[in-house]
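What follows is a short report on a single structure.
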Amino acid sequence: MHKVILVLLAGTIGSAVAQTPTEKIRLNQIGFYPDAPKVAVVVGDAAQGAFQIKEAGSNKVVYKGTLSAPRANQHSGKKSRIADFSNFTKKGDYVVEIPGVGTSYAFSIKPAVHRDVAAGSLKGFYFQRVSTALPEKYAGKWARPAGHPDDRVLIHPSAASAERPAGTVISSPRGWYDAGDYNKYIVNSGITMGTLLSLYEDFPQYTRQFDVNIPESGNQVPDLLDEVVYNLRWMLTMQDPNDGGVYHKLTTPSFEGMIMPDKAKKPRYVIQKNTIATLDFIAVTAQAARILDNYKKELPGLADSCRTAALKGWDWVKKNPEVLYDQNEMNKNFDPDVTTGSYQDRSGQDEWIWAATEMYVTTGDQKYLDGINLFPDTPLSLPSWNQVRALAYYTLVRSQKKLPAGGAQYYNQAKQVLLKFANDLLTDLDKQPYHTVMGRTKGDYIWGSSAVAANQGIALVQAYQLSGDRKFLHAALGNLDYILGRNATGYSFLTGFGDKTPMRPHHRPSVADTQEEPVPGLLSGGPNPGQQDKCKTYTSSYADESFTDDDCSYASNEIAINWNAPMVYLATAVEALMEKKK
Ligand code: G3I
Ligand code: 9MR
């Protein structure tokens with residue numbers, strides 16, 4: 001009893017002294033590495049002159065600094081100043097205080113400061129698992145019954161063949177829910193898997209240490225790969241065994257309501273085979289084959305199945321090089337109409353490059369590059385579900401030592417293109433209102449902009465690996481700071497991580513369950529001035545502020561596997577690289 005009173009009393013005194021954090025100071029709400037840049041941003045006109053760092057508990061001033069000159073925001077015209085305390089390196093818990101403005105959220109300075117973020121965002125994938133119950137042992141208060149067995153999926157008329165006429169029942173279980181919806185899309189699975197498999201290939205040692213408390217955690221396979229295999233086994237079922245073509249998606253005709261997985265029981269179909277889905281599938285299975293060769297004992301037959309699947313897929317795309325998925329056209333010809341995510345892409349050029357490169361690296365056979373222009377004369381695009389060329393270059397530079405004779409030229413070209421791309425990302429970094437690569441142009445704020453920040457971070461990590469120049473690593477870290485709070489909304493976009501983090505993502509289980517807090521470890525889409533959801537609760541239309549923490553907002557506050565994957569990559573890569581000595 002006495003103990004309880006004492007604790008309560010201490011709590012009261014603590015909160016009487018502590019100030020409510022101000023929203024005007026924006027920083028990574030998790031914290032900083034001792035020997036890396038540390039930046040907070042203060043918004044508005046009031047702030048100028050000095051700032052200080054105080055110990056979170058005692059209020060003792062431990063560092064004094066001066067705010068930068070004001071920087072004008074290109075999206076909103078608002079002013080901000082930078083509080084740079086990179087020179088302060090002592091481990092502990094602190095706040096930033098700016099006289100006349102207030103104090104920030106508390107943060108830590110310590111080694112491995114993003115370890116929980118990295119592990120938590122990987123665990124996010126477990127919560128997206130289809131066809132299985134999530135018991136409390138692994139899912140805690142987000143435990144839920146199994147949904148979508150997907151063992152009786154229908155062949156949609158658009159996907160019919162002689163061997164599998166419309167209405168044929170196939171089994172296509174497992175995989176991850178794509179996003180806030182319950183469908184499974186091959187194209188989006190493609191980049192997601194490529195990103196996670198690349199994380200394993202780039203940092204095999206570090207990723208072996210992950211234990212994220214999933215059912216497979218006790219086995220001899222790294223948890224990262226166990227999670228990937230859960231989706232891989234689904235992807236393999238999406239290939240038509242008769243000809244090697246791959247279905248575009250497994251979906252209900254229209255989106256389910258905001259209900260739990262086990263309550264969502266509309267019939268599900270696989271939809272039209274096409275070239276781009278098959279190319280993405282080939283890239284993933286080819287990459288998985290070479291990685292899983294190292295786990296033949298633990299995952300018997302899986303590497304071989306992937307290799308065979310990739311080869312069969314390749315035969316199909318060679319015969320069907322230009323079958324595009326066009327949902328409107330498809331709906332004109334077949335019933336039922338399908339109105340779920342289209343993931344339709346007008347050009348397969350980048351998918352050909354990616355698939356051919358993965359085949360080339362896995363088999364060592366030059367023939368896969370025949371007829372492929374690996375380095376077209378168009379600027380490289382940041383990876384996204386419909387732009388995968390950079391994934392090919394990441395694989396080429398990573399595989400330098402394993403490339404067959406003649407491969408050095410591809411390595412050299414890929415390296416050059418990637419370094420140019422990363423250098424361009426650094427343009428005017430010192431002038432940016434939040435001192436981040438993310439957000440220099442309005443074009444960064446698309447649907448899923450958080451993944452733009454994360455994918456830019458990956459490109460910068462690649463450049464650091466290629467050059468050893470720490471400016472790239474520090475800029476990648478700056479984009480991680482962006483995602484975790486140093487941005488114009490003040491949100492840390494990863495659910496469950498930070499003080500101000502989305503509470504109402506457009507995510508069916510988070511909306512429909514009985515828990516106050518959303519499922520953790522999921523990356524919210526982030527600012528998107530398109531506001532395609534037409535929600536009424538946006539409070540700003542400036543590109544970098546166009547976000548609303550409301551479950552109506554699928555255009556700014558949904559979550560998605562192709563956004564979570566680069567989040568996992570960036571946080572993990574930064575951890576692995578900061579762990580190494582300079
Ligand atoms: O291709 C044009 C480009 O030419 C133009 O410059 C640009 C300007 O904004 O727009 C580009 O098209 C955009 C397209 O994504 C490709 O980036 C569209 O405006 C934009 O509306 C579209 O958003 C996609 C959205 O689905 C709607 O189709 C998102 O990228 C995609 O992540 C999202 O994915 C959904 C799935 O369909 C369903 N499941 C949830 C998932 C996440 O929200
Ligand atoms: O929930 C859907 C989300 O996953 C998609 O990203 C989004 C855009 O395709 O669509 C959402 O579903 C909405 C539908 O498009 C329109 N009616 C309301 C649905 C959300 O409740």
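Lettering and numbering for the structure tokens are positional, with chains as A, B, ... in the shown order, residues counted from 1 in each chain, and ligands counted from 1 in the shown order.
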Distance query stretch 240-257 of chain A at most 8 Å, only C-alpha atoms, self and fewer than 5 positions along chain excluded, as a PyMOL selection string: chain A and resi 159+163+181-187+264+266-275+277-278+281+309+312-317+325+336-340+508
For the residues in that selection, give me N, CA, C and O atoms as a compact mmCIF listing (two decimals), in the first residue's frame.
# COMPACT_ATOMS: atom_id res chain seq x y z
N ALA A 159 -9.22 -15.20 -66.12
CA ALA A 159 -8.04 -16.04 -65.88
C ALA A 159 -8.23 -17.45 -66.42
O ALA A 159 -7.39 -18.32 -66.21
N GLU A 163 -7.30 -25.86 -69.22
CA GLU A 163 -7.15 -26.76 -68.07
C GLU A 163 -7.89 -26.24 -66.84
O GLU A 163 -8.23 -27.02 -65.95
N ASP A 181 -6.57 -3.37 -46.72
CA ASP A 181 -7.58 -4.26 -47.30
C ASP A 181 -7.11 -5.71 -47.16
O ASP A 181 -6.01 -5.98 -46.70
N TYR A 182 -7.96 -6.65 -47.61
CA TYR A 182 -7.66 -8.07 -47.39
C TYR A 182 -7.25 -8.83 -48.64
O TYR A 182 -7.29 -10.05 -48.67
N ASN A 183 -6.88 -8.10 -49.69
CA ASN A 183 -6.54 -8.79 -50.93
C ASN A 183 -5.04 -9.03 -51.03
O ASN A 183 -4.26 -8.50 -50.24
N LYS A 184 -4.65 -9.85 -52.02
CA LYS A 184 -3.25 -10.22 -52.20
C LYS A 184 -2.89 -9.96 -53.66
O LYS A 184 -3.56 -10.48 -54.55
N TYR A 185 -1.89 -9.13 -53.87
CA TYR A 185 -1.57 -8.66 -55.22
C TYR A 185 -0.13 -9.02 -55.56
O TYR A 185 0.79 -8.65 -54.82
N ILE A 186 0.06 -9.71 -56.68
CA ILE A 186 1.41 -10.17 -57.02
C ILE A 186 2.38 -9.01 -57.28
O ILE A 186 3.52 -9.03 -56.81
N VAL A 187 1.93 -7.99 -58.00
CA VAL A 187 2.85 -6.89 -58.32
C VAL A 187 3.38 -6.25 -57.04
O VAL A 187 4.59 -6.02 -56.88
N ALA A 264 -14.83 -11.73 -42.78
CA ALA A 264 -14.84 -11.33 -44.20
C ALA A 264 -14.85 -12.57 -45.07
O ALA A 264 -13.84 -13.24 -45.22
N LYS A 266 -16.52 -13.02 -48.35
CA LYS A 266 -16.94 -12.95 -49.75
C LYS A 266 -16.06 -13.88 -50.59
O LYS A 266 -14.88 -14.07 -50.28
N PRO A 267 -16.63 -14.41 -51.69
CA PRO A 267 -15.82 -15.29 -52.55
C PRO A 267 -14.59 -14.56 -53.09
O PRO A 267 -14.63 -13.34 -53.33
N ARG A 268 -13.54 -15.31 -53.26
CA ARG A 268 -12.29 -14.73 -53.77
C ARG A 268 -11.89 -15.40 -55.07
O ARG A 268 -12.12 -16.58 -55.28
N TYR A 269 -11.29 -14.61 -55.93
CA TYR A 269 -10.93 -15.04 -57.29
C TYR A 269 -9.46 -14.77 -57.57
O TYR A 269 -8.89 -13.82 -57.03
N VAL A 270 -8.87 -15.56 -58.45
CA VAL A 270 -7.61 -15.11 -59.07
C VAL A 270 -7.95 -14.53 -60.43
O VAL A 270 -8.82 -15.02 -61.15
N ILE A 271 -7.25 -13.43 -60.76
CA ILE A 271 -7.58 -12.61 -61.93
C ILE A 271 -6.45 -12.72 -62.97
O ILE A 271 -5.28 -12.92 -62.61
N GLN A 272 -6.79 -12.51 -64.16
CA GLN A 272 -5.95 -12.50 -65.37
C GLN A 272 -4.42 -12.60 -65.22
O GLN A 272 -3.79 -11.77 -64.58
N LYS A 273 -3.86 -13.61 -65.87
CA LYS A 273 -2.39 -13.70 -65.96
C LYS A 273 -1.88 -12.55 -66.82
O LYS A 273 -2.55 -12.13 -67.76
N ASN A 274 -0.72 -12.05 -66.51
CA ASN A 274 -0.15 -11.00 -67.36
C ASN A 274 1.36 -10.94 -67.23
O ASN A 274 1.95 -11.57 -66.34
N THR A 275 1.98 -10.16 -68.11
CA THR A 275 3.45 -10.16 -68.22
C THR A 275 4.11 -9.53 -66.99
O THR A 275 5.08 -10.07 -66.46
N ALA A 277 3.05 -9.02 -63.85
CA ALA A 277 2.94 -9.85 -62.65
C ALA A 277 3.91 -11.03 -62.75
O ALA A 277 4.60 -11.38 -61.78
N THR A 278 3.98 -11.63 -63.93
CA THR A 278 4.86 -12.80 -64.08
C THR A 278 6.33 -12.39 -63.95
O THR A 278 7.13 -13.09 -63.33
N PHE A 281 7.12 -11.89 -60.38
CA PHE A 281 7.19 -13.22 -59.77
C PHE A 281 8.52 -13.91 -60.08
O PHE A 281 9.15 -14.52 -59.20
N ALA A 309 10.00 -22.58 -60.70
CA ALA A 309 8.93 -21.61 -60.95
C ALA A 309 9.44 -20.44 -61.77
O ALA A 309 8.77 -19.96 -62.70
N LYS A 312 9.88 -21.58 -65.40
CA LYS A 312 8.58 -21.72 -66.07
C LYS A 312 7.98 -20.35 -66.38
O LYS A 312 7.37 -20.14 -67.43
N GLY A 313 8.14 -19.45 -65.45
CA GLY A 313 7.64 -18.08 -65.66
C GLY A 313 8.36 -17.45 -66.84
O GLY A 313 7.73 -16.76 -67.67
N TRP A 314 9.65 -17.68 -66.92
CA TRP A 314 10.44 -17.09 -68.01
C TRP A 314 9.94 -17.59 -69.36
O TRP A 314 9.80 -16.82 -70.32
N ASP A 315 9.66 -18.89 -69.46
CA ASP A 315 9.10 -19.43 -70.71
C ASP A 315 7.82 -18.69 -71.08
O ASP A 315 7.57 -18.37 -72.25
N TRP A 316 6.99 -18.45 -70.07
CA TRP A 316 5.70 -17.81 -70.35
C TRP A 316 5.88 -16.37 -70.85
O TRP A 316 5.26 -15.97 -71.83
N VAL A 317 6.74 -15.60 -70.17
CA VAL A 317 6.88 -14.19 -70.61
C VAL A 317 7.53 -14.10 -71.99
O VAL A 317 7.24 -13.18 -72.76
N TYR A 325 -2.15 -5.69 -67.78
CA TYR A 325 -3.41 -5.75 -67.03
C TYR A 325 -4.08 -4.39 -67.08
O TYR A 325 -3.49 -3.39 -66.68
N PRO A 336 -17.60 -11.52 -62.53
CA PRO A 336 -18.00 -10.24 -61.97
C PRO A 336 -16.94 -9.16 -62.15
O PRO A 336 -15.76 -9.47 -62.27
N ASP A 337 -17.39 -7.89 -62.17
CA ASP A 337 -16.44 -6.77 -62.22
C ASP A 337 -15.58 -6.79 -60.97
O ASP A 337 -16.02 -7.17 -59.89
N VAL A 338 -14.36 -6.32 -61.14
CA VAL A 338 -13.41 -6.28 -60.03
C VAL A 338 -12.98 -4.84 -59.81
O VAL A 338 -12.49 -4.18 -60.74
N THR A 339 -13.19 -4.33 -58.60
CA THR A 339 -12.90 -2.91 -58.34
C THR A 339 -11.84 -2.70 -57.27
O THR A 339 -11.64 -1.59 -56.79
N THR A 340 -11.16 -3.76 -56.87
CA THR A 340 -10.13 -3.61 -55.84
C THR A 340 -8.84 -3.08 -56.48
O THR A 340 -8.80 -2.84 -57.69
N ARG A 508 -8.11 -2.51 -41.70
CA ARG A 508 -9.34 -3.14 -41.23
C ARG A 508 -9.22 -3.76 -39.83
O ARG A 508 -10.07 -3.48 -38.99
For A:Gln462: contacts at 12 Å, only C-alpha atoms, fewer than 2 positions along chain excluded, given as an NGL selection string: :A and (198-199 or 202-203 or 390-391 or 393-398 or 414-423 or 455-460 or 464-470 or 472-473 or 475-476 or 569-570 or 573-574 or 577)
Which residues are close to A:Asp350, i.e. within 7 Å by only C-alpha atoms, leaving aside same-chain residues fewer than 5 positions away? Reply as a PDB file with all heavy atoms, in the first residue's frame.
ATOM      1  N   GLN A 387       7.895   0.725 -60.448  1.00  0.00           N
ATOM      2  CA  GLN A 387       9.232   1.141 -60.904  1.00  0.00           C
ATOM      3  C   GLN A 387      10.263   0.280 -60.185  1.00  0.00           C
ATOM      4  O   GLN A 387      10.608   0.556 -59.035  1.00  0.00           O
ATOM      5  CB  GLN A 387       9.491   2.611 -60.538  1.00  0.00           C
ATOM      6  CG  GLN A 387       8.635   3.615 -61.288  1.00  0.00           C
ATOM      7  CD  GLN A 387       9.085   3.791 -62.730  1.00  0.00           C
ATOM      8  OE1 GLN A 387      10.130   3.295 -63.146  1.00  0.00           O
ATOM      9  NE2 GLN A 387       8.272   4.489 -63.511  1.00  0.00           N
ATOM     10  N   VAL A 388      10.754  -0.748 -60.857  1.00  0.00           N
ATOM     11  CA  VAL A 388      11.627  -1.694 -60.137  1.00  0.00           C
ATOM     12  C   VAL A 388      13.042  -1.782 -60.717  1.00  0.00           C
ATOM     13  O   VAL A 388      13.817  -2.635 -60.314  1.00  0.00           O
ATOM     14  CB  VAL A 388      10.978  -3.104 -60.090  1.00  0.00           C
ATOM     15  CG1 VAL A 388       9.737  -3.084 -59.205  1.00  0.00           C
ATOM     16  CG2 VAL A 388      10.615  -3.590 -61.492  1.00  0.00           C
ATOM     17  N   ARG A 389      13.363  -0.859 -61.636  1.00  0.00           N
ATOM     18  CA  ARG A 389      14.680  -0.951 -62.268  1.00  0.00           C
ATOM     19  C   ARG A 389      15.811  -0.881 -61.232  1.00  0.00           C
ATOM     20  O   ARG A 389      16.796  -1.625 -61.317  1.00  0.00           O
ATOM     21  CB  ARG A 389      14.841   0.166 -63.309  1.00  0.00           C
ATOM     22  CG  ARG A 389      16.245   0.175 -63.858  1.00  0.00           C
ATOM     23  CD  ARG A 389      16.493   0.887 -65.186  1.00  0.00           C
ATOM     24  NE  ARG A 389      15.894   2.146 -65.440  1.00  0.00           N
ATOM     25  CZ  ARG A 389      16.587   3.230 -65.862  1.00  0.00           C
ATOM     26  NH1 ARG A 389      17.900   3.176 -66.017  1.00  0.00           N
ATOM     27  NH2 ARG A 389      15.968   4.344 -66.142  1.00  0.00           N
TER      28      ARG A 389
END
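The coordinates place atom CA of A:Ile561 at 18.3 Å from atom 19 (C, counted along the ligand's line) of ligand 2.
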Shortest interatomic distance to A:Gly439 - which of A:Arg290, A:His156, A:His75, A:Lys91, counting only C-alpha atoms: A:His75
Write out, as a tab-separated table, each residue of chain A that has an atom at most 8 Å from ligand 1, together with the closest pair of atoms and their distance in Å to one decimal, counting only C-alpha atoms and all ligand atoms, rows going by chain and rising number.
residue	atom	partner	partner_atom_place_in_ligand_line	distance
A:Asp178	CA	ligand 1	39 (N)	5.7
A:Ala179	CA	ligand 1	40 (C)	4.8
A:Gly180	CA	ligand 1	40 (C)	5.9
A:Asp181	CA	ligand 1	39 (N)	5.6
A:Tyr182	CA	ligand 1	39 (N)	7.9
A:Asn183	CA	ligand 1	39 (N)	7.1
A:Thr340	CA	ligand 1	38 (C)	6.2
A:Gly341	CA	ligand 1	37 (O)	3.1
A:Ser342	CA	ligand 1	37 (O)	5.6
A:Tyr343	CA	ligand 1	37 (O)	5.9
A:Asp345	CA	ligand 1	1 (O)	7.9
A:Ser384	CA	ligand 1	17 (O)	7.8
A:Trp385	CA	ligand 1	30 (O)	7.3
A:Asn386	CA	ligand 1	16 (C)	7.1
A:Gly443	CA	ligand 1	9 (O)	7.5
A:Ile446	CA	ligand 1	9 (O)	6.0
A:Trp447	CA	ligand 1	29 (C)	5.3
A:Gly448	CA	ligand 1	32 (O)	6.0
A:Gly525	CA	ligand 1	43 (O)	7.6
A:Gly530	CA	ligand 1	9 (O)	7.1
A:Gln532	CA	ligand 1	21 (O)	7.0
A:Tyr554	CA	ligand 1	43 (O)	5.8
A:Ala555	CA	ligand 1	43 (O)	6.3
A:Glu558	CA	ligand 1	43 (O)	5.7
A:Ile559	CA	ligand 1	42 (C)	6.5
A:Ala560	CA	ligand 1	42 (C)	5.4
A:Asn562	CA	ligand 1	32 (O)	7.9
Atoms kept (N, CA and C atoms) for selection, written as a short mmCIF file (atom, residue, chain, number, x, y, z; two decimals), in the first residue's frame:
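Once written, result.cif looks like this:
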data_model
loop_
_atom_site.label_atom_id
_atom_site.label_comp_id
_atom_site.auth_asym_id
_atom_site.auth_seq_id
_atom_site.Cartn_x
_atom_site.Cartn_y
_atom_site.Cartn_z
N ASP A 178 -2.38 -7.25 -48.29
CA ASP A 178 -1.61 -6.20 -48.96
C ASP A 178 -1.44 -4.96 -48.11
N ALA A 179 -2.50 -4.59 -47.37
CA ALA A 179 -2.52 -3.25 -46.81
C ALA A 179 -3.63 -3.17 -45.78
N GLY A 180 -4.41 -2.08 -45.83
CA GLY A 180 -5.58 -1.99 -44.98
C GLY A 180 -6.70 -2.87 -45.50
N ASP A 181 -6.57 -3.37 -46.72
CA ASP A 181 -7.58 -4.26 -47.30
C ASP A 181 -7.11 -5.71 -47.16
N TYR A 182 -7.96 -6.65 -47.61
CA TYR A 182 -7.66 -8.07 -47.39
C TYR A 182 -7.25 -8.83 -48.64
N ASN A 183 -6.88 -8.10 -49.69
CA ASN A 183 -6.54 -8.79 -50.93
C ASN A 183 -5.04 -9.03 -51.03
N THR A 340 -11.16 -3.76 -56.87
CA THR A 340 -10.13 -3.61 -55.84
C THR A 340 -8.84 -3.08 -56.48
N GLY A 341 -7.78 -2.91 -55.67
CA GLY A 341 -6.54 -2.29 -56.14
C GLY A 341 -6.13 -2.80 -57.52
N SER A 342 -5.80 -1.88 -58.42
CA SER A 342 -5.52 -2.35 -59.79
C SER A 342 -4.05 -2.67 -59.99
N TYR A 343 -3.18 -1.94 -59.30
CA TYR A 343 -1.73 -2.13 -59.52
C TYR A 343 -1.43 -2.35 -60.99
N ASP A 345 0.15 -1.11 -64.57
CA ASP A 345 1.37 -0.40 -64.93
C ASP A 345 1.43 -0.40 -66.45
N SER A 384 9.33 1.81 -56.63
CA SER A 384 7.95 1.81 -56.17
C SER A 384 7.30 0.60 -56.85
N TRP A 385 6.05 0.30 -56.53
CA TRP A 385 5.49 -0.94 -57.06
C TRP A 385 5.53 -1.00 -58.58
N ASN A 386 5.51 0.17 -59.23
CA ASN A 386 5.53 0.16 -60.69
C ASN A 386 6.87 0.62 -61.27
N GLY A 443 6.84 16.29 -55.71
CA GLY A 443 6.67 14.94 -56.25
C GLY A 443 6.99 13.85 -55.24
N ILE A 446 3.60 11.62 -52.77
CA ILE A 446 2.60 10.83 -53.48
C ILE A 446 1.88 9.93 -52.47
N TRP A 447 0.92 9.20 -52.93
CA TRP A 447 0.23 8.17 -52.12
C TRP A 447 1.30 7.21 -51.59
N GLY A 448 1.43 7.13 -50.29
CA GLY A 448 2.50 6.28 -49.74
C GLY A 448 3.83 7.01 -49.64
N GLY A 525 0.88 5.65 -44.65
CA GLY A 525 1.25 6.19 -45.96
C GLY A 525 1.91 7.56 -45.92
N GLY A 530 -2.90 14.68 -52.92
CA GLY A 530 -3.96 14.19 -53.81
C GLY A 530 -5.29 14.03 -53.08
N GLN A 532 -7.19 11.70 -52.40
CA GLN A 532 -8.18 10.98 -53.22
C GLN A 532 -9.32 10.39 -52.40
N TYR A 554 -7.68 6.57 -46.72
CA TYR A 554 -6.80 5.56 -47.32
C TYR A 554 -5.71 6.20 -48.17
N ALA A 555 -5.89 7.46 -48.55
CA ALA A 555 -4.85 8.09 -49.38
C ALA A 555 -3.70 8.68 -48.55
N GLU A 558 -3.35 4.92 -44.81
CA GLU A 558 -3.42 3.46 -44.89
C GLU A 558 -2.03 2.91 -44.57
N ILE A 559 -1.92 1.63 -44.42
CA ILE A 559 -0.61 0.99 -44.28
C ILE A 559 -0.48 0.02 -45.45
N ALA A 560 0.71 -0.39 -45.80
CA ALA A 560 0.85 -1.33 -46.93
C ALA A 560 2.19 -2.05 -46.85
N ASN A 562 4.28 -2.85 -49.14
CA ASN A 562 5.39 -2.27 -49.92
C ASN A 562 5.93 -0.99 -49.30
#
